[in-house]
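Undergrad: Once you've had a glance at the structure underneath, I'll fire off some questions.
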Amino acid sequence: MNDKKQILASILQFDGVSKQELLEMITVPTDAKNGDYSLPCFRLAKTLRKSPVQIAGDAADRLTCLPPPFKKVEAVNGYLNFFVDGTLCAEKVLTEISEKGSEYGTSKEGEGKAICIDYSSINIAKPFHIGHLCTTVIGGSLYKIYQKLGYNAIGINHLGDWGTQFGKLIVAFKKWSSEEELQEKGMTELTRIYVQYHTEAESDPTLDDQARAWFKKIEDGDKEALRLYNLFKEITLREVQKTYKRLKISFDSYNGEAFYNDKMQPVLDELEQKGLLVEDRGAKIVDLSEEGMPPCLIVKADGATLYATRDLAAALYRKATYDFYKSLYVVAYQQNLHFRQVFKVLEKMGKDWAKDCVHVAFGMVSMESGAMSTRKGKVIYLEDVLNKAVERSLEIITEKNPDLESKEQTAEMVGVGAVIFSVLYNNRIKDIVFSYDKVLNFDGETGPYVQYTNARCISVLNKVGECTVKPDFSAVDNDEGKAVVSLLERFPDVLREAVDKYEPCFVGRFLVDLCKAYNRFYLVHRITSEPDAIKKARAMLTDAVHIVIEEGLRLMGIDAPKKM
Ligand code: ARG
């Protein structure tokens, strides 16, 4: 909560106008000469039956004594403009950040509330491709921000580990691969045989029959079938862990689709008992025509359950296990209808918590080279994208700073960070066309730009060294300094807004704003060559920026190199 607005709203008193209304009317002027906060009095004219000019004038006369940090109020053309004491504000904010360090912005407001976050949710035996990037990093970042705000976040990787593709894979494996090859080449081999299967199945329809038979064996618990199924799962998970490590992603549960195999019957029974299950040409559906949606298919005519059936079972399981406050599904917008249907069915079942289930949808990532298809083998592996970004970072770093030690490590942080940042900088729902040049631009609104500003802060702090004099905070009470301080002060609110709207991009955008503001300050004001008290205040500002950048980046899953 912005406490300065709160202070203003409580000292301003107008008959018949609530504090809430005032809070909504107080603005932050774009031009600093109109104050730090302003109340436009136009909307009050009708209630108070006075002109805005008169209202502002009278109020300014009444407010003879202002509470800190406010130091001045002016009535100008129907506006009531408030000025804060920049020195006092800087002292308060910079001292707080210096004391709390990376704990700045941490809170307990979420205590006792569980948030389930279903993210990444990869499909076994299918490559971890660029399409998974958004769900993985958006979910991963929300997870960290919720934790920082004191919530009990539960990261769930709802693995796509069930379905007829496993039958196909067994057929393909038996025909064209071996365990040695699989162990050695991992996912590449799985993808290779999967692609080969689809090519050959076009001319040989018996393959699909064999695949169906093998899948049936998995369902029936046949030893050999299960062994291979588990092998595919193990290989996929082992490989994907490497990518998760680079992206700083972790999960509390890997309960995926297969986990719900024995948990669907109770759902079917409950649907039946509540009269929601309708027969439709041998299949069982929940009719959603009143809600203007196509029916939700629950059991196919051949008795097979579906993706939606598993999601219903999963939702019930999560509620029973975690008693969530909210349950988020970070999944591409292509599945909008699916989640609307699932949530609606839960609602029809009388689950009042259906309203706490949220589809956190996001747009598509594409490369300049166009669309992908796993079946045809046209995939862009996430690992390759990361590697290429790291490679390019190494080139840029080597060129900019040839003497830098540990260039490889730095390049890993910069390259991977740039890819993550590019996703988390956009509104979720926007489609992204990925370009290496854009995400690695050190002067753009990018990860490297933020990391670079942080490294600049660290270098300033190293030059200043130990400095124990009492800071003179008026040294940051200038336009550039005030801009930095007011951004720093906003950080806790930004985190709250990010989870309120499920938009980690608020953090990324905030960091870019903070870096721009600090770089402006750095350009205009000297630091290291100033007298001690001034130097100290400006170093504290620099340190606060550094602390907040590092913490902000951490919440995005990005490392901050000390030097670049
Ligand atoms: N594995 C699915 C896919 O790749 C995403 C699963 C999302 N989570 C869920 N509970 N449906 O499309």
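Just so we're on the same page: first chain in the structure tokens is A, next is B, and so on; residues restart at 1 for each chain, and ligands are numbered from 1 in the order they show up.
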Around ligand 1, which protein and nucleic acid residues have at least one atom no more than 9 Å from it, if we count only C-alpha atoms and all ligand atoms? List them as an NGL selection string.

TA: :A and (118-124 or 131-132 or 156-161 or 256-257 or 307-308 or 310-312 or 314-315 or 329-332 or 334-335 or 338-339)

Undergrad: Would you return as number ranges by chain the members of stretch 380-556 of chain A that DSSP assigns to helix (DSSP H, G or I) on this structure's backbone?

TA: A: 382-400, 407-424, 436-439, 447-464, 473-476, 479-500, 505-524, 532-556

Undergrad: Given the selection you just returned, output its residues as a file containing C-alpha atoms, formatted as a short mmCIF file (atom, residue, chain, number, x, y, z; two decimals), in the first residue's frame.

TA:
data_model
loop_
_atom_site.label_atom_id
_atom_site.label_comp_id
_atom_site.auth_asym_id
_atom_site.auth_seq_id
_atom_site.Cartn_x
_atom_site.Cartn_y
_atom_site.Cartn_z
CA LEU A 382 15.06 -24.73 -25.57
CA GLU A 383 18.51 -26.01 -24.69
CA ASP A 384 19.80 -24.97 -28.12
CA VAL A 385 18.31 -21.49 -27.74
CA LEU A 386 20.00 -21.11 -24.36
CA ASN A 387 23.31 -22.36 -25.73
CA LYS A 388 23.22 -20.02 -28.65
CA ALA A 389 22.36 -17.05 -26.42
CA VAL A 390 25.28 -17.95 -24.16
CA GLU A 391 27.62 -18.29 -27.13
CA ARG A 392 26.65 -14.87 -28.44
CA SER A 393 26.98 -13.36 -24.97
CA LEU A 394 30.49 -14.69 -24.77
CA GLU A 395 31.33 -12.97 -28.05
CA ILE A 396 29.88 -9.67 -26.87
CA ILE A 397 31.57 -9.84 -23.47
CA THR A 398 34.90 -10.77 -25.00
CA GLU A 399 34.64 -7.79 -27.28
CA LYS A 400 33.52 -5.31 -24.62
CA LYS A 407 34.04 -15.01 -18.98
CA GLU A 408 32.30 -18.36 -19.51
CA GLN A 409 30.42 -18.18 -16.25
CA THR A 410 29.41 -14.61 -16.91
CA ALA A 411 28.27 -15.49 -20.41
CA GLU A 412 26.07 -18.26 -19.00
CA MET A 413 24.42 -15.79 -16.61
CA VAL A 414 24.01 -13.16 -19.30
CA GLY A 415 22.82 -15.45 -22.09
CA VAL A 416 20.35 -17.47 -20.07
CA GLY A 417 19.27 -14.35 -18.21
CA ALA A 418 18.61 -12.55 -21.48
CA VAL A 419 16.31 -15.31 -22.70
CA ILE A 420 14.37 -15.42 -19.42
CA PHE A 421 14.16 -11.65 -19.21
CA SER A 422 12.78 -11.34 -22.73
CA VAL A 423 9.83 -13.53 -21.79
CA LEU A 424 9.22 -11.90 -18.43
CA TYR A 436 18.87 -13.00 -30.32
CA ASP A 437 19.99 -9.51 -31.30
CA LYS A 438 17.11 -7.92 -29.49
CA VAL A 439 17.34 -9.87 -26.26
CA GLY A 447 18.33 -8.60 -19.11
CA PRO A 448 21.92 -7.67 -19.98
CA TYR A 449 21.08 -3.98 -19.54
CA VAL A 450 19.78 -4.62 -16.03
CA GLN A 451 22.71 -6.89 -15.17
CA TYR A 452 25.10 -4.30 -16.53
CA THR A 453 23.60 -1.56 -14.39
CA ASN A 454 23.96 -3.80 -11.37
CA ALA A 455 27.62 -4.42 -12.19
CA ARG A 456 28.07 -0.66 -12.51
CA CYS A 457 26.59 -0.19 -9.02
CA ILE A 458 28.97 -2.78 -7.61
CA SER A 459 31.93 -1.08 -9.23
CA VAL A 460 30.88 2.29 -7.76
CA LEU A 461 30.53 0.70 -4.34
CA ASN A 462 33.98 -0.87 -4.63
CA LYS A 463 35.48 2.51 -5.45
CA VAL A 464 33.76 4.14 -2.49
CA PHE A 473 20.69 12.69 2.35
CA SER A 474 20.13 16.08 0.76
CA ALA A 475 22.76 14.90 -1.72
CA VAL A 476 20.14 12.69 -3.34
CA ASP A 479 15.24 15.41 -9.57
CA GLU A 480 17.31 12.37 -10.53
CA GLY A 481 17.79 11.13 -6.97
CA LYS A 482 14.14 11.56 -6.09
CA ALA A 483 13.12 9.53 -9.12
CA VAL A 484 15.34 6.66 -7.97
CA VAL A 485 14.12 6.83 -4.37
CA SER A 486 10.47 6.83 -5.32
CA LEU A 487 11.01 3.77 -7.53
CA LEU A 488 12.86 1.97 -4.76
CA GLU A 489 10.01 2.74 -2.43
CA ARG A 490 7.56 1.16 -4.87
CA PHE A 491 9.28 -2.23 -5.03
CA PRO A 492 7.11 -3.95 -2.38
CA ASP A 493 3.97 -2.70 -4.13
CA VAL A 494 5.24 -3.90 -7.49
CA LEU A 495 5.55 -7.44 -6.11
CA ARG A 496 2.01 -7.29 -4.80
CA GLU A 497 0.68 -6.00 -8.09
CA ALA A 498 2.60 -8.73 -9.93
CA VAL A 499 0.82 -11.52 -8.03
CA ASP A 500 -2.53 -9.71 -8.06
CA CYS A 505 6.45 -8.65 -16.17
CA PHE A 506 5.71 -5.91 -13.66
CA VAL A 507 8.97 -6.83 -11.97
CA GLY A 508 10.95 -6.80 -15.22
CA ARG A 509 9.50 -3.46 -16.25
CA PHE A 510 10.13 -2.01 -12.85
CA LEU A 511 13.77 -3.10 -13.00
CA VAL A 512 14.28 -1.43 -16.36
CA ASP A 513 12.73 1.79 -15.01
CA LEU A 514 14.94 1.62 -11.95
CA CYS A 515 18.06 1.10 -14.07
CA LYS A 516 17.17 3.98 -16.36
CA ALA A 517 16.57 6.26 -13.38
CA TYR A 518 19.81 5.24 -11.72
CA ASN A 519 21.84 5.64 -14.90
CA ARG A 520 20.42 9.14 -15.28
CA PHE A 521 21.48 9.91 -11.73
CA TYR A 522 24.92 8.46 -12.40
CA LEU A 523 25.32 10.61 -15.49
CA VAL A 524 24.45 13.87 -13.74
CA ASP A 532 32.40 12.03 2.47
CA ALA A 533 28.86 12.84 3.68
CA ILE A 534 27.63 13.35 0.13
CA LYS A 535 29.55 10.37 -1.16
CA LYS A 536 28.04 8.23 1.58
CA ALA A 537 24.45 9.20 0.74
CA ARG A 538 24.99 8.57 -2.96
CA ALA A 539 26.70 5.28 -2.21
CA MET A 540 23.70 4.28 -0.12
CA LEU A 541 21.47 5.08 -3.07
CA THR A 542 23.73 2.98 -5.31
CA ASP A 543 23.74 0.12 -2.83
CA ALA A 544 19.95 0.19 -2.53
CA VAL A 545 19.61 0.04 -6.32
CA HIS A 546 22.04 -2.87 -6.41
CA ILE A 547 20.15 -4.75 -3.68
CA VAL A 548 16.79 -4.27 -5.36
CA ILE A 549 18.08 -5.20 -8.82
CA GLU A 550 19.64 -8.41 -7.53
CA GLU A 551 16.53 -9.36 -5.62
CA GLY A 552 14.30 -8.49 -8.58
CA LEU A 553 16.44 -10.60 -10.89
CA ARG A 554 16.41 -13.47 -8.42
CA LEU A 555 12.62 -13.40 -8.47
CA MET A 556 12.81 -13.79 -12.24
#

Undergrad: Pick out the closest residue to A:Asn34 from this set: A:Val345, A:Val53, A:Ala75, A:Leu231. Count only C-alpha atoms.

TA: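 Smallest separation from A:Asn34 among the options: A:Ala75.
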
Undergrad: Please, what distance in Å, to one decimal, runs between atom CA of A:Lys501 and atom CA of A:Ser435?

TA: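 Interatomic distance here is 26.9 Å.
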
Undergrad: Excluding A:Leu44 and residues on its chain fewer than 5 positions from it, collect all residues at most 12 Å away from it, counting only C-alpha atoms, and give them as a ChimeraX atom specification.

TA: /A:13-18,21-22,25,39,49-56,78-79

Undergrad: Could you tell me how far atom CA of A:Asp477 lies from atom CA of A:Tyr37, in Å and to one decimal?

TA: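 Taking atom CA of A:Asp477 and atom CA of A:Tyr37, their separation equals 16.4 Å.
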
Undergrad: Quick one: residues within 10 Å of stretch 106-116 of chain A, only C-alpha atoms counted, chain neighbours fewer than 3 positions away excluded, as JSON, numbers by chain?

TA: {"A": [100, 102, 103, 119, 142, 143, 145, 146, 147, 148, 149, 150, 151, 152, 153, 154, 155, 156, 252, 315, 318, 319, 322, 323, 324, 325, 326, 327, 328, 329, 356, 357, 492, 495, 496]}
